[in-house]
Each structure stands twice: as structure tokens, then as C-alpha cells.
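The data block below is run.cif; it holds mmCIF, C-alpha atoms and all ligand atoms.
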data_start
loop_
_atom_site.label_atom_id
_atom_site.label_comp_id
_atom_site.auth_asym_id
_atom_site.auth_seq_id
_atom_site.Cartn_x
_atom_site.Cartn_y
_atom_site.Cartn_z
CA MET B 1 6.83 -37.46 100.88
CA LYS B 2 3.45 -36.17 102.00
CA ILE B 3 1.14 -37.68 99.42
CA ALA B 4 -2.52 -36.54 99.33
CA ASN B 5 -5.07 -38.73 101.11
CA ARG B 6 -6.99 -39.22 97.87
CA ILE B 7 -4.02 -41.11 96.43
CA ASN B 8 -3.81 -43.40 99.42
CA LYS B 9 -7.55 -44.10 99.15
CA ILE B 10 -7.23 -45.50 95.63
CA PRO B 11 -7.32 -49.28 95.46
CA PRO B 12 -4.57 -50.62 93.19
CA TYR B 13 -5.76 -50.45 89.56
CA PRO B 14 -6.84 -54.05 88.88
CA PHE B 15 -5.04 -54.30 85.56
CA VAL B 16 -1.78 -53.19 87.16
CA GLN B 17 -2.04 -56.13 89.55
CA ILE B 18 -2.83 -58.47 86.66
CA SER B 19 0.17 -57.21 84.69
CA ARG B 20 2.42 -57.83 87.69
CA THR B 21 1.21 -61.41 88.04
CA ILE B 22 1.85 -62.08 84.37
CA ALA B 23 5.29 -60.47 84.57
CA GLN B 24 6.17 -62.70 87.52
CA LYS B 25 5.12 -65.84 85.64
CA LYS B 26 6.96 -64.70 82.53
CA SER B 27 10.13 -64.13 84.54
CA GLU B 28 9.83 -67.78 85.57
CA GLY B 29 9.74 -68.71 81.88
CA ILE B 30 6.02 -69.57 81.94
CA ASP B 31 3.88 -68.66 78.95
CA VAL B 32 0.71 -67.14 80.40
CA ILE B 33 -2.20 -66.48 78.07
CA SER B 34 -4.16 -63.52 79.34
CA PHE B 35 -7.85 -62.87 78.84
CA GLY B 36 -7.37 -59.97 81.25
CA ILE B 37 -7.36 -56.68 79.39
CA GLY B 38 -9.82 -55.47 76.74
CA ASP B 39 -7.27 -54.12 74.29
CA PRO B 40 -8.00 -55.06 70.65
CA ASP B 41 -5.35 -57.29 69.04
CA ILE B 42 -6.68 -56.36 65.57
CA PRO B 43 -4.71 -53.40 64.17
CA THR B 44 -6.08 -49.93 63.44
CA PRO B 45 -7.46 -49.85 59.87
CA ASP B 46 -4.86 -48.95 57.20
CA THR B 47 -6.73 -45.91 55.91
CA VAL B 48 -6.78 -44.50 59.43
CA ILE B 49 -3.02 -44.94 59.78
CA GLU B 50 -2.57 -43.28 56.36
CA SER B 51 -4.51 -40.25 57.59
CA LEU B 52 -2.05 -39.97 60.50
CA THR B 53 0.89 -40.08 58.11
CA LYS B 54 -0.64 -37.22 56.12
CA GLY B 55 -1.76 -35.33 59.23
CA SER B 56 1.69 -35.54 60.81
CA LEU B 57 3.16 -33.57 57.88
CA LYS B 58 0.86 -30.56 58.35
CA ASP B 59 2.59 -27.76 60.28
CA ILE B 60 -0.68 -26.69 61.88
CA ASN B 61 -0.90 -30.08 63.56
CA HIS B 62 2.44 -29.49 65.28
CA ARG B 63 0.89 -26.78 67.42
CA TYR B 64 -1.46 -26.76 70.43
CA PRO B 65 -4.93 -28.07 69.68
CA GLU B 66 -8.11 -26.51 71.15
CA SER B 67 -9.64 -28.35 74.12
CA GLU B 68 -13.02 -28.70 72.47
CA GLY B 69 -11.54 -30.34 69.37
CA LEU B 70 -11.21 -29.29 65.73
CA PRO B 71 -14.42 -28.00 64.11
CA GLU B 72 -13.92 -30.73 61.46
CA PHE B 73 -13.70 -33.38 64.19
CA ARG B 74 -16.88 -32.17 65.87
CA LEU B 75 -18.68 -32.06 62.52
CA GLY B 76 -17.44 -35.60 61.77
CA VAL B 77 -18.79 -36.80 65.11
CA ALA B 78 -22.13 -35.07 64.44
CA ASN B 79 -22.34 -36.76 61.03
CA TRP B 80 -21.48 -40.14 62.53
CA TYR B 81 -24.14 -39.80 65.26
CA SER B 82 -26.66 -38.85 62.61
CA LYS B 83 -25.75 -41.74 60.31
CA ARG B 84 -25.28 -44.38 63.00
CA PHE B 85 -27.99 -43.47 65.53
CA GLY B 86 -30.24 -40.98 63.73
CA ILE B 87 -29.38 -38.36 66.37
CA GLU B 88 -28.79 -34.71 65.46
CA LEU B 89 -26.12 -32.94 67.50
CA ASN B 90 -24.92 -29.34 67.27
CA PRO B 91 -21.14 -29.55 66.63
CA ASP B 92 -20.70 -26.07 68.16
CA ASN B 93 -21.86 -26.87 71.67
CA GLU B 94 -22.98 -30.49 72.02
CA ILE B 95 -19.70 -32.27 71.18
CA ILE B 96 -16.23 -32.22 72.71
CA SER B 97 -13.14 -34.25 71.85
CA LEU B 98 -11.50 -36.34 74.56
CA ILE B 99 -8.04 -37.84 74.97
CA GLY B 100 -9.79 -41.21 75.13
CA ALA B 101 -13.10 -41.66 76.96
CA LYS B 102 -11.22 -42.42 80.18
CA GLU B 103 -9.95 -38.84 80.32
CA GLY B 104 -13.45 -37.38 79.99
CA ILE B 105 -14.95 -39.90 82.40
CA GLY B 106 -12.32 -38.94 84.96
CA HIS B 107 -12.61 -35.19 84.44
CA VAL B 108 -16.39 -34.82 84.28
CA SER B 109 -16.79 -35.34 88.03
CA LEU B 110 -14.71 -32.19 88.56
CA ALA B 111 -17.23 -30.38 86.38
CA LEU B 112 -20.34 -31.69 88.14
CA LEU B 113 -19.63 -32.65 91.76
CA ASN B 114 -19.12 -30.47 94.79
CA PRO B 115 -17.42 -32.08 97.79
CA ASP B 116 -19.69 -34.75 99.36
CA ASP B 117 -22.13 -34.78 96.45
CA ILE B 118 -23.42 -38.27 95.73
CA ALA B 119 -22.66 -40.17 92.53
CA LEU B 120 -24.74 -43.29 91.81
CA ILE B 121 -22.27 -45.86 90.52
CA PRO B 122 -22.88 -49.35 89.10
CA ASP B 123 -21.02 -52.27 90.68
CA PRO B 124 -19.45 -54.22 89.01
CA GLY B 125 -18.28 -51.46 86.71
CA TYR B 126 -15.45 -49.58 85.03
CA PRO B 127 -13.35 -48.36 87.98
CA VAL B 128 -12.86 -44.80 86.69
CA TYR B 129 -16.45 -43.76 87.60
CA SER B 130 -15.65 -44.07 91.29
CA ILE B 131 -12.05 -42.88 91.00
CA GLY B 132 -13.23 -39.67 89.27
CA THR B 133 -15.80 -39.24 92.05
CA LEU B 134 -13.09 -39.69 94.67
CA PHE B 135 -10.83 -37.11 92.99
CA ALA B 136 -13.72 -34.63 93.05
CA ALA B 137 -14.29 -35.41 96.77
CA GLY B 138 -17.74 -36.81 95.97
CA GLN B 139 -19.34 -39.84 97.58
CA ASP B 140 -20.18 -43.13 95.85
CA TYR B 141 -23.56 -44.73 96.28
CA ILE B 142 -23.28 -48.23 94.86
CA MET B 143 -26.01 -49.54 92.55
CA PRO B 144 -25.55 -53.33 92.44
CA LEU B 145 -25.76 -54.94 89.00
CA LEU B 146 -27.33 -58.33 89.60
CA LYS B 147 -28.05 -61.22 87.28
CA LYS B 148 -31.70 -61.35 88.45
CA ASN B 149 -32.10 -57.76 87.19
CA ASN B 150 -30.34 -58.46 83.87
CA TRP B 151 -27.37 -56.44 85.16
CA LEU B 152 -29.37 -53.20 85.27
CA PRO B 153 -29.46 -51.06 88.44
CA ASP B 154 -32.79 -51.46 90.22
CA LEU B 155 -33.98 -47.86 90.38
CA THR B 156 -36.66 -48.76 92.89
CA GLU B 157 -33.96 -49.90 95.33
CA ILE B 158 -32.35 -46.46 95.49
CA PRO B 159 -33.62 -44.92 98.74
CA GLU B 160 -35.67 -41.72 98.30
CA GLU B 161 -33.26 -39.62 100.40
CA ILE B 162 -30.26 -40.84 98.32
CA ALA B 163 -32.09 -40.12 95.07
CA ARG B 164 -32.90 -36.62 96.29
CA LYS B 165 -29.29 -35.95 97.24
CA ALA B 166 -27.66 -37.63 94.22
CA LYS B 167 -26.09 -35.39 91.61
CA VAL B 168 -25.08 -37.86 88.91
CA MET B 169 -25.75 -41.43 87.83
CA TRP B 170 -23.29 -43.51 85.80
CA LEU B 171 -24.54 -46.10 83.33
CA ASN B 172 -22.67 -48.17 80.75
CA TYR B 173 -24.39 -50.24 78.03
CA PRO B 174 -23.27 -52.41 76.33
CA ASN B 175 -21.72 -53.12 79.70
CA ASN B 176 -18.22 -53.78 80.89
CA PRO B 177 -17.73 -56.24 82.56
CA THR B 178 -21.06 -58.11 82.32
CA GLY B 179 -21.62 -57.83 78.55
CA ALA B 180 -25.23 -56.84 79.31
CA ILE B 181 -27.35 -54.72 77.01
CA VAL B 182 -30.18 -52.33 77.83
CA GLN B 183 -33.68 -51.87 76.45
CA ASP B 184 -35.31 -48.53 75.62
CA SER B 185 -38.02 -49.12 78.23
CA TYR B 186 -35.37 -49.17 80.98
CA LEU B 187 -33.68 -46.02 79.67
CA ASN B 188 -37.07 -44.29 79.51
CA ASP B 189 -37.40 -45.00 83.24
CA VAL B 190 -33.88 -43.63 83.77
CA VAL B 191 -34.77 -40.35 82.05
CA GLU B 192 -37.95 -40.07 84.13
CA PHE B 193 -35.98 -40.81 87.32
CA ALA B 194 -33.34 -38.22 86.36
CA LYS B 195 -36.02 -35.57 85.78
CA LYS B 196 -37.87 -36.40 88.98
CA TYR B 197 -34.76 -36.15 91.17
CA ASP B 198 -32.73 -33.68 89.10
CA ILE B 199 -29.88 -36.13 88.48
CA THR B 200 -27.42 -35.89 85.59
CA ILE B 201 -27.03 -39.10 83.61
CA LEU B 202 -23.53 -39.96 82.43
CA HIS B 203 -23.77 -42.77 79.92
CA ASP B 204 -20.61 -44.57 78.88
CA ALA B 205 -21.29 -45.89 75.37
CA CYS B 206 -17.77 -47.11 74.52
CA TYR B 207 -18.97 -50.54 73.34
CA THR B 208 -21.87 -49.69 71.02
CA GLU B 209 -19.83 -50.76 67.98
CA ILE B 210 -19.05 -54.28 69.25
CA TYR B 211 -22.21 -56.30 68.71
CA TYR B 212 -23.35 -59.81 67.71
CA ASP B 213 -26.34 -61.88 66.61
CA ASN B 214 -27.79 -59.02 64.51
CA TYR B 215 -28.28 -56.90 67.62
CA LEU B 216 -27.53 -53.21 66.99
CA PRO B 217 -26.97 -51.16 70.17
CA LYS B 218 -28.55 -47.72 70.40
CA SER B 219 -27.31 -44.52 71.98
CA PHE B 220 -28.71 -43.20 75.29
CA LEU B 221 -29.52 -40.04 73.31
CA ASN B 222 -32.05 -42.05 71.26
CA ILE B 223 -34.31 -41.86 74.31
CA PRO B 224 -36.72 -38.89 74.28
CA GLY B 225 -35.59 -36.29 76.81
CA ALA B 226 -32.12 -37.84 77.26
CA LYS B 227 -30.30 -34.73 76.07
CA ASP B 228 -32.12 -32.69 78.75
CA VAL B 229 -30.58 -34.80 81.48
CA GLY B 230 -27.21 -36.06 80.37
CA ILE B 231 -24.30 -36.77 78.12
CA GLU B 232 -22.76 -39.84 76.56
CA PHE B 233 -19.10 -40.84 76.36
CA HIS B 234 -17.80 -42.52 73.25
CA SER B 235 -14.45 -43.76 72.19
CA LEU B 236 -12.63 -44.76 69.06
CA SER B 237 -10.59 -47.22 71.15
CA LYS B 238 -12.77 -50.31 70.89
CA SER B 239 -14.91 -49.16 67.97
CA TYR B 240 -11.96 -48.90 65.55
CA ASN B 241 -9.10 -50.71 67.34
CA MET B 242 -7.49 -47.44 68.36
CA THR B 243 -6.70 -47.79 72.07
CA GLY B 244 -3.13 -46.61 71.48
CA TRP B 245 -4.14 -43.36 69.80
CA ARG B 246 -6.23 -42.00 72.70
CA ILE B 247 -9.23 -40.35 71.13
CA GLY B 248 -12.88 -40.20 72.12
CA MET B 249 -15.73 -37.76 72.54
CA ALA B 250 -18.48 -36.65 74.90
CA VAL B 251 -21.78 -35.57 73.37
CA GLY B 252 -25.17 -34.34 74.54
CA ASN B 253 -26.38 -31.66 76.95
CA SER B 254 -24.59 -28.41 76.06
CA GLU B 255 -24.33 -27.13 79.65
CA ILE B 256 -22.49 -30.25 80.75
CA ILE B 257 -20.27 -30.20 77.65
CA LYS B 258 -19.42 -26.54 78.42
CA ALA B 259 -18.56 -27.36 82.05
CA LEU B 260 -16.36 -30.27 80.93
CA GLU B 261 -14.64 -28.00 78.44
CA ILE B 262 -13.81 -25.57 81.24
CA VAL B 263 -12.17 -28.37 83.25
CA LYS B 264 -10.31 -29.65 80.22
CA SER B 265 -9.10 -26.26 79.00
CA ASN B 266 -7.57 -25.72 82.43
CA LEU B 267 -5.97 -29.16 82.75
CA ASP B 268 -5.16 -30.38 79.26
CA SER B 269 -4.84 -28.83 75.85
CA GLY B 270 -7.04 -31.22 73.94
CA ALA B 271 -6.38 -34.21 71.72
CA PRO B 272 -3.53 -33.91 69.18
CA GLN B 273 -4.99 -32.68 65.90
CA ALA B 274 -3.43 -35.38 63.74
CA ILE B 275 -5.09 -37.94 66.01
CA GLN B 276 -8.43 -36.14 65.61
CA GLU B 277 -7.92 -36.47 61.85
CA MET B 278 -7.39 -40.21 62.34
CA ALA B 279 -10.68 -40.33 64.20
CA LEU B 280 -12.38 -38.54 61.31
CA ALA B 281 -11.01 -41.13 58.89
CA ALA B 282 -12.25 -43.93 61.15
CA LEU B 283 -15.72 -42.44 61.62
CA SER B 284 -16.13 -42.16 57.87
CA LEU B 285 -15.52 -45.90 57.36
CA ASP B 286 -18.48 -47.95 56.24
CA GLN B 287 -20.40 -49.85 58.95
CA GLU B 288 -19.39 -52.91 56.96
CA TYR B 289 -15.88 -52.53 58.38
CA ILE B 290 -17.34 -52.81 61.89
CA GLU B 291 -19.46 -55.82 60.97
CA THR B 292 -16.59 -57.73 59.35
CA ARG B 293 -14.47 -57.06 62.44
CA ASN B 294 -17.33 -58.05 64.77
CA ALA B 295 -17.62 -61.40 62.97
CA ILE B 296 -14.09 -62.18 64.24
CA TYR B 297 -15.13 -61.40 67.82
CA GLU B 298 -18.38 -63.33 67.43
CA ASN B 299 -16.51 -66.45 66.36
CA ARG B 300 -14.18 -66.08 69.36
CA ARG B 301 -17.16 -65.56 71.66
CA ASN B 302 -18.78 -68.76 70.43
CA LYS B 303 -15.63 -70.85 70.96
CA ILE B 304 -15.03 -69.51 74.45
CA VAL B 305 -18.64 -69.94 75.55
CA GLU B 306 -18.64 -73.55 74.36
CA THR B 307 -15.45 -74.47 76.21
CA LEU B 308 -16.50 -72.74 79.44
CA ASN B 309 -19.89 -74.42 79.39
CA ASN B 310 -18.15 -77.78 78.91
CA ILE B 311 -16.08 -77.36 82.07
CA GLY B 312 -19.13 -76.31 84.09
CA LEU B 313 -19.02 -72.51 84.01
CA TYR B 314 -22.38 -71.00 83.20
CA VAL B 315 -22.15 -68.31 80.51
CA ASP B 316 -24.87 -66.30 78.85
CA PRO B 317 -23.39 -65.41 75.42
CA PRO B 318 -23.18 -61.60 75.31
CA LYS B 319 -24.97 -59.78 72.48
CA ALA B 320 -22.45 -56.93 72.63
CA SER B 321 -19.19 -55.73 74.24
CA LEU B 322 -15.80 -57.39 74.27
CA TYR B 323 -16.41 -59.52 77.33
CA ILE B 324 -17.56 -62.93 78.46
CA TRP B 325 -18.93 -62.80 82.01
CA ALA B 326 -18.80 -66.35 83.33
CA GLU B 327 -20.19 -67.71 86.57
CA VAL B 328 -17.49 -69.60 88.49
CA PRO B 329 -18.19 -73.21 89.52
CA GLU B 330 -19.90 -73.78 92.87
CA GLY B 331 -17.62 -73.63 95.86
CA TYR B 332 -15.21 -71.12 94.31
CA SER B 333 -14.82 -67.40 94.83
CA SER B 334 -13.88 -65.32 91.77
CA LYS B 335 -10.36 -64.92 93.12
CA ASP B 336 -9.90 -68.62 93.97
CA PHE B 337 -11.07 -69.65 90.55
CA SER B 338 -8.85 -67.14 88.70
CA GLU B 339 -5.86 -68.16 90.80
CA GLN B 340 -6.45 -71.85 90.21
CA LEU B 341 -6.81 -71.35 86.46
CA LEU B 342 -3.63 -69.30 86.40
CA GLU B 343 -1.75 -71.81 88.50
CA GLU B 344 -2.94 -74.96 86.71
CA CYS B 345 -3.53 -73.79 83.13
CA ASN B 346 -1.37 -70.63 82.90
CA VAL B 347 -4.44 -68.82 81.66
CA LEU B 348 -5.41 -65.51 83.19
CA VAL B 349 -9.04 -64.45 83.58
CA SER B 350 -10.04 -61.38 85.59
CA PRO B 351 -11.79 -62.02 88.89
CA GLY B 352 -15.20 -60.34 88.84
CA THR B 353 -14.31 -58.57 92.08
CA SER B 354 -11.75 -56.47 90.16
CA TYR B 355 -14.83 -54.50 89.05
CA GLY B 356 -16.51 -54.23 92.45
CA LYS B 357 -17.76 -56.46 95.24
CA TYR B 358 -20.92 -57.41 93.32
CA GLY B 359 -18.66 -59.02 90.73
CA GLU B 360 -18.16 -61.88 93.21
CA GLY B 361 -18.96 -65.27 91.72
CA PHE B 362 -17.94 -64.26 88.19
CA VAL B 363 -14.84 -63.93 86.03
CA ARG B 364 -14.36 -61.79 82.94
CA LEU B 365 -12.70 -62.92 79.73
CA SER B 366 -11.81 -60.45 77.01
CA LEU B 367 -12.18 -61.36 73.33
CA THR B 368 -9.10 -59.38 72.30
CA LEU B 369 -6.61 -62.23 71.86
CA SER B 370 -5.55 -63.67 68.54
CA ASP B 371 -7.42 -66.80 67.44
CA ASP B 372 -4.26 -68.90 67.87
CA LYS B 373 -3.87 -67.80 71.47
CA ILE B 374 -7.54 -68.35 72.19
CA ASP B 375 -7.36 -71.87 70.76
CA GLU B 376 -4.30 -72.66 72.85
CA ALA B 377 -5.91 -71.19 75.99
CA LEU B 378 -9.12 -73.13 75.38
CA THR B 379 -7.16 -76.37 74.94
CA ARG B 380 -5.55 -75.71 78.32
CA ILE B 381 -8.85 -74.78 79.97
CA ALA B 382 -10.64 -77.83 78.54
CA LYS B 383 -8.31 -80.02 80.62
CA TRP B 384 -9.13 -78.16 83.84
CA LYS B 385 -10.64 -80.39 86.51
CA GLN B 386 -12.45 -79.27 89.65
C1 LIG Y 1 -16.52 -49.13 80.05
C2 LIG Y 1 -15.32 -48.40 79.56
N1 LIG Y 1 -15.36 -47.08 79.43
C3 LIG Y 1 -14.30 -46.38 79.00
C4 LIG Y 1 -13.12 -46.99 78.69
C5 LIG Y 1 -11.94 -46.16 78.26
O1 LIG Y 1 -11.82 -46.07 76.90
P1 LIG Y 1 -10.71 -45.15 76.23
O2 LIG Y 1 -9.68 -46.06 75.67
O3 LIG Y 1 -11.45 -44.39 75.19
O4 LIG Y 1 -10.14 -44.25 77.27
C6 LIG Y 1 -13.01 -48.37 78.81
C7 LIG Y 1 -11.74 -49.05 78.51
O5 LIG Y 1 -11.53 -50.20 78.77
C8 LIG Y 1 -14.14 -49.11 79.26
O6 LIG Y 1 -14.12 -50.43 79.40
#
Just give me the structure as C-alpha cells.
Amino acid sequence: MKIANRINKIPPYPFVQISRTIAQKKSEGIDVISFGIGDPDIPTPDTVIESLTKGSLKDINHRYPESEGLPEFRLGVANWYSKRFGIELNPDNEIISLIGAKEGIGHVSLALLNPDDIALIPDPGYPVYSIGTLFAAGQDYIMPLLKKNNWLPDLTEIPEEIARKAKVMWLNYPNNPTGAIVQDSYLNDVVEFAKKYDITILHDACYTEIYYDNYLPKSFLNIPGAKDVGIEFHSLSKSYNMTGWRIGMAVGNSEIIKALEIVKSNLDSGAPQAIQEMALAALSLDQEYIETRNAIYENRRNKIVETLNNIGLYVDPPKASLYIWAEVPEGYSSKDFSEQLLEECNVLVSPGTSYGKYGEGFVRLSLTLSDDKIDEALTRIAKWKQ
């Protein structure tokens, strides 16, 4: 078969590799506990499932949806943005439904990049930013996320000629994989930078609803001028334990939303309507639901941080996101450390390099395992000796 070059250029999806390793161990009868994938173990709320049951019985939901999403869905998203962030969005042209944020993140590059256009991409980061760029024949320019910069790209390190040529910049806070958060002052600089160099900002806000220690993440659109320069991706996946239902949204600048809609209407037919109705039910839940759920993650975070610190891994407890980003002990690479932990403890943590070369020296642990499994994994890890 003559497969396109772009397919051959794709590095294996890191989670696929992780799944294979676990499958191999399992086939040998070994019980591996995996901190690998950020997929909530806590079920979708009951009322949300009930809305699907009702929605599935409506004939109208058996037919093609519209790419932009139901008017009710877009209104529900507008109301949620207003209530949660104090941001007013026009449901007619500033909101579009997505079949999960991943779909929109992948497709938006087709809407914005011409071949060889530059996309500024954080490393370590969610791999789909660069894969979408590759599919659109764009070029990555890597913005390293370093501990000394609090895991924020150093805008002053982007060479003038790259900034002038760049078309888009990807950002993601609360951040996967580092768990970092961002301050308004930084985002103000981002908006100024975007205006100066005419760069579109694509902010991935999938983790704003997973927060701890009384920290409440904001939206990029809270920053004055943000809507002039960009859009934000959101997802029900992590916010409401709905990864399996595939529903999200992009919101913000109407020209970008329109361009994304054109791509989507030509490549997909939108999110199933009954699933959009589930999203509406979820978005109308009280913030108390989120906070009760976050207390479970916070407790897990605390346990994991304590155990890792005890065996000599430095961890800064994250204030948001589903991830612990731990510095591996001296003398180890991310890969060596992950492999040793898997070999000796049958516990899987993701090597930081799965998210880019600047992830070297770190491993990522997801908080989406049941408490029992976490306790068992931590008992195994506590016995680990260098
Ligand atoms: C940073 C980030 N963005 C987007 C996504 C995709 O979310 P969705 O399930 O809505 O496609 C993920 C999923 O892990 C993620 O970590």
C-alpha cells in the first residue's frame, strides 16, 4: 500500500505504546497498575445518563445533527461561560460543538494553517497540537516549558523572525502534563504578543474544572482583548467524567469559529444530538458537584505526592489538572525510571518524554485510578529502592 508521508511521519501515539506494554504484562499474568492515561474512573453523573435515556427516545435525535451544534447546546454553553467565568458569548457565532476537544484541536489547523505556516507549540504538551499541524502541512516551532519558567513558554525567547512568520500559538492551562497554572499577567502578555505579531491564540482549557486548594482557574477569554486574537477549547470529558461520550466545544473569535465550522461541516456531521443534550444536563449541574468530585482527586493527589516525596522524587503538588508531574531521581532518564518502576513494582507511570523532549527528567501520574488501586500502587512504590 502507498500510505501518505504524513502518516509515516507520525510518532507512535504514546498511549498506544503504554497500552501495549500493559497488555504484554497482563498476558504474563502480571497485575500492572497504570497511572498512564487521564481517563476518569468516576462515572458520569446519573442525571446526565438519564438525559441520554430520554434523548435517545426522541426521533429527531436519530437524524443528522448540524456541525455547529444544537441552538440549545450553544445557548447552554453560553450560559455556563457566563455563570462560571463571567464571560458573555454569542451562541449564534462564537460557539461550536465538538466531538470531544481532540476533534476540534485536530481540525482547527486545517482552518488556520497554509502549508509551511508556523505553529508555536509547547513542549511537553498534548501531542495533538503538533499532529494537527502536521496534517495541515504546517511547521512546528517548539516553545519549551521549563520548570524555571513555571512551565510557561518564554515569549522573549521566540526569535523575532519566527514570531513574525508564526500563524498560531497553542497554550494549555491548567496544563497537561505539568499540572501548571497560569496567571492573568502572563496571559495579558500573550494577548499583546498575539496582537503585535498577528498570531492566533488557541487555548486548550480542558482542565479548568479540575482544581484544588481553593484555586479557581479562569478562562483565557477573561483576559481583555483575548476574543480579538483567539479561541478556547473546552471539553466535558474531564469536567464531568464524560470521556466516553465525546463532547466538547470551541468558543471565542467568530471568524475562527466560522472557519472551523467550514472544516467540520465538510468532514464530520457534528456531535450526536442526544450527546449534546447530555452535555446540557452536565453544564447545568451545580458547581458543588465539581467541588465534591475534586475533593476525591485532591485526596489522591495528597497521597501520591507524599509517597513520591518519600522515595526521593521531587513533586510540586499541582493546583489544578489531573496530573502529578514528578522529577525522577538523579541519574535516571524518564524512560529508565518508568521502565524500572514497571519492572520492579508493576506500576506504570508515563515517561515525561511521551509529551515531548523537554519532558525529559519527569514522569506523569494521572489521578484517575480508584482509591484502592492507588493505595496498592503506593504500597508497591514505597518499597522501591534506588
Ligand atoms: C490537554 C488536553 N486537551 C484535550 C484533550 C482531549 O479531550 P477530549 O476528550 O475532549 O477529546 C485531552 C485529553 O486527554 C487533553 O489532555
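The space separating atom O4 of ligand LIG 1 (chain Y) from CA of Pro127 (chain B) comes to 11.9 Å.
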Determine, counting only C-alpha atoms, which protein, DNA and RNA residues have an atom within 10 Å of an atom of region 292-307 of chain B; residues of the same chain fewer than 3 positions away are not included. Present the result as a JSON list (two decimals) with C-alpha atoms, in the coordinates of the input.
[["chain", "number", "residue", "atom", "x", "y", "z"],
["B", 40, "PRO", "CA", -8.00, -55.06, 70.65],
["B", 42, "ILE", "CA", -6.68, -56.36, 65.57],
["B", 209, "GLU", "CA", -19.83, -50.76, 67.98],
["B", 210, "ILE", "CA", -19.05, -54.28, 69.25],
["B", 211, "TYR", "CA", -22.21, -56.30, 68.71],
["B", 212, "TYR", "CA", -23.35, -59.81, 67.71],
["B", 213, "ASP", "CA", -26.34, -61.88, 66.61],
["B", 239, "SER", "CA", -14.91, -49.16, 67.97],
["B", 240, "TYR", "CA", -11.96, -48.90, 65.55],
["B", 241, "ASN", "CA", -9.10, -50.71, 67.34],
["B", 287, "GLN", "CA", -20.40, -49.85, 58.95],
["B", 288, "GLU", "CA", -19.39, -52.91, 56.96],
["B", 289, "TYR", "CA", -15.88, -52.53, 58.38],
["B", 310, "ASN", "CA", -18.15, -77.78, 78.91],
["B", 311, "ILE", "CA", -16.08, -77.36, 82.07],
["B", 312, "GLY", "CA", -19.13, -76.31, 84.09],
["B", 313, "LEU", "CA", -19.02, -72.51, 84.01],
["B", 314, "TYR", "CA", -22.38, -71.00, 83.20],
["B", 315, "VAL", "CA", -22.15, -68.31, 80.51],
["B", 316, "ASP", "CA", -24.87, -66.30, 78.85],
["B", 317, "PRO", "CA", -23.39, -65.41, 75.42],
["B", 318, "PRO", "CA", -23.18, -61.60, 75.31],
["B", 319, "LYS", "CA", -24.97, -59.78, 72.48],
["B", 320, "ALA", "CA", -22.45, -56.93, 72.63],
["B", 321, "SER", "CA", -19.19, -55.73, 74.24],
["B", 322, "LEU", "CA", -15.80, -57.39, 74.27],
["B", 323, "TYR", "CA", -16.41, -59.52, 77.33],
["B", 324, "ILE", "CA", -17.56, -62.93, 78.46],
["B", 325, "TRP", "CA", -18.93, -62.80, 82.01],
["B", 326, "ALA", "CA", -18.80, -66.35, 83.33],
["B", 365, "LEU", "CA", -12.70, -62.92, 79.73],
["B", 366, "SER", "CA", -11.81, -60.45, 77.01],
["B", 367, "LEU", "CA", -12.18, -61.36, 73.33],
["B", 368, "THR", "CA", -9.10, -59.38, 72.30],
["B", 369, "LEU", "CA", -6.61, -62.23, 71.86],
["B", 370, "SER", "CA", -5.55, -63.67, 68.54],
["B", 371, "ASP", "CA", -7.42, -66.80, 67.44],
["B", 374, "ILE", "CA", -7.54, -68.35, 72.19],
["B", 375, "ASP", "CA", -7.36, -71.87, 70.76],
["B", 377, "ALA", "CA", -5.91, -71.19, 75.99],
["B", 378, "LEU", "CA", -9.12, -73.13, 75.38],
["B", 379, "THR", "CA", -7.16, -76.37, 74.94],
["B", 381, "ILE", "CA", -8.85, -74.78, 79.97],
["B", 382, "ALA", "CA", -10.64, -77.83, 78.54]]
Residue with smallest distance to Glu255 (chain B) - pool B:Ile37, B:Ile30, B:Val328, B:Val108, counting all atoms listed in the file
B:Val108
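Restricting the calculation to all atoms listed in the file, the smallest distance between ligand LIG 1 (chain Y) and any of B:Pro144, B:Pro177, B:Pro45, B:Gly29 is found for B:Pro177.
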Using all atoms listed in the file, can you tell me which of B:Leu171, B:Ile199, B:Ile262, B:Ile49 comes closest to ligand LIG 1 (chain Y)?
B:Leu171
Neighbouring residues of ligand LIG 1 (chain Y) are defined here as those with any atom at most 7 Å from a ligand atom, counting only C-alpha atoms and all ligand atoms; list them as JSON, numbers by chain.
{"B": [38, 100, 101, 102, 103, 126, 172, 175, 176, 204, 206, 234, 235, 236, 237, 243, 246, 247, 248]}
So which residues fall inside 10 Å of (-9.1, -27.8, 64.6) if we count only C-alpha atoms? Mind giving them as a list in words?
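Residues close enough to count: Ile60, Asn61, Tyr64, Pro65, Glu66, Ser67, Glu68, Gly69, Leu70, Pro71, Glu72, Phe73, Arg74, Ala271, Pro272, Gln273, Ala274, Gln276 and Glu277 of chain B.
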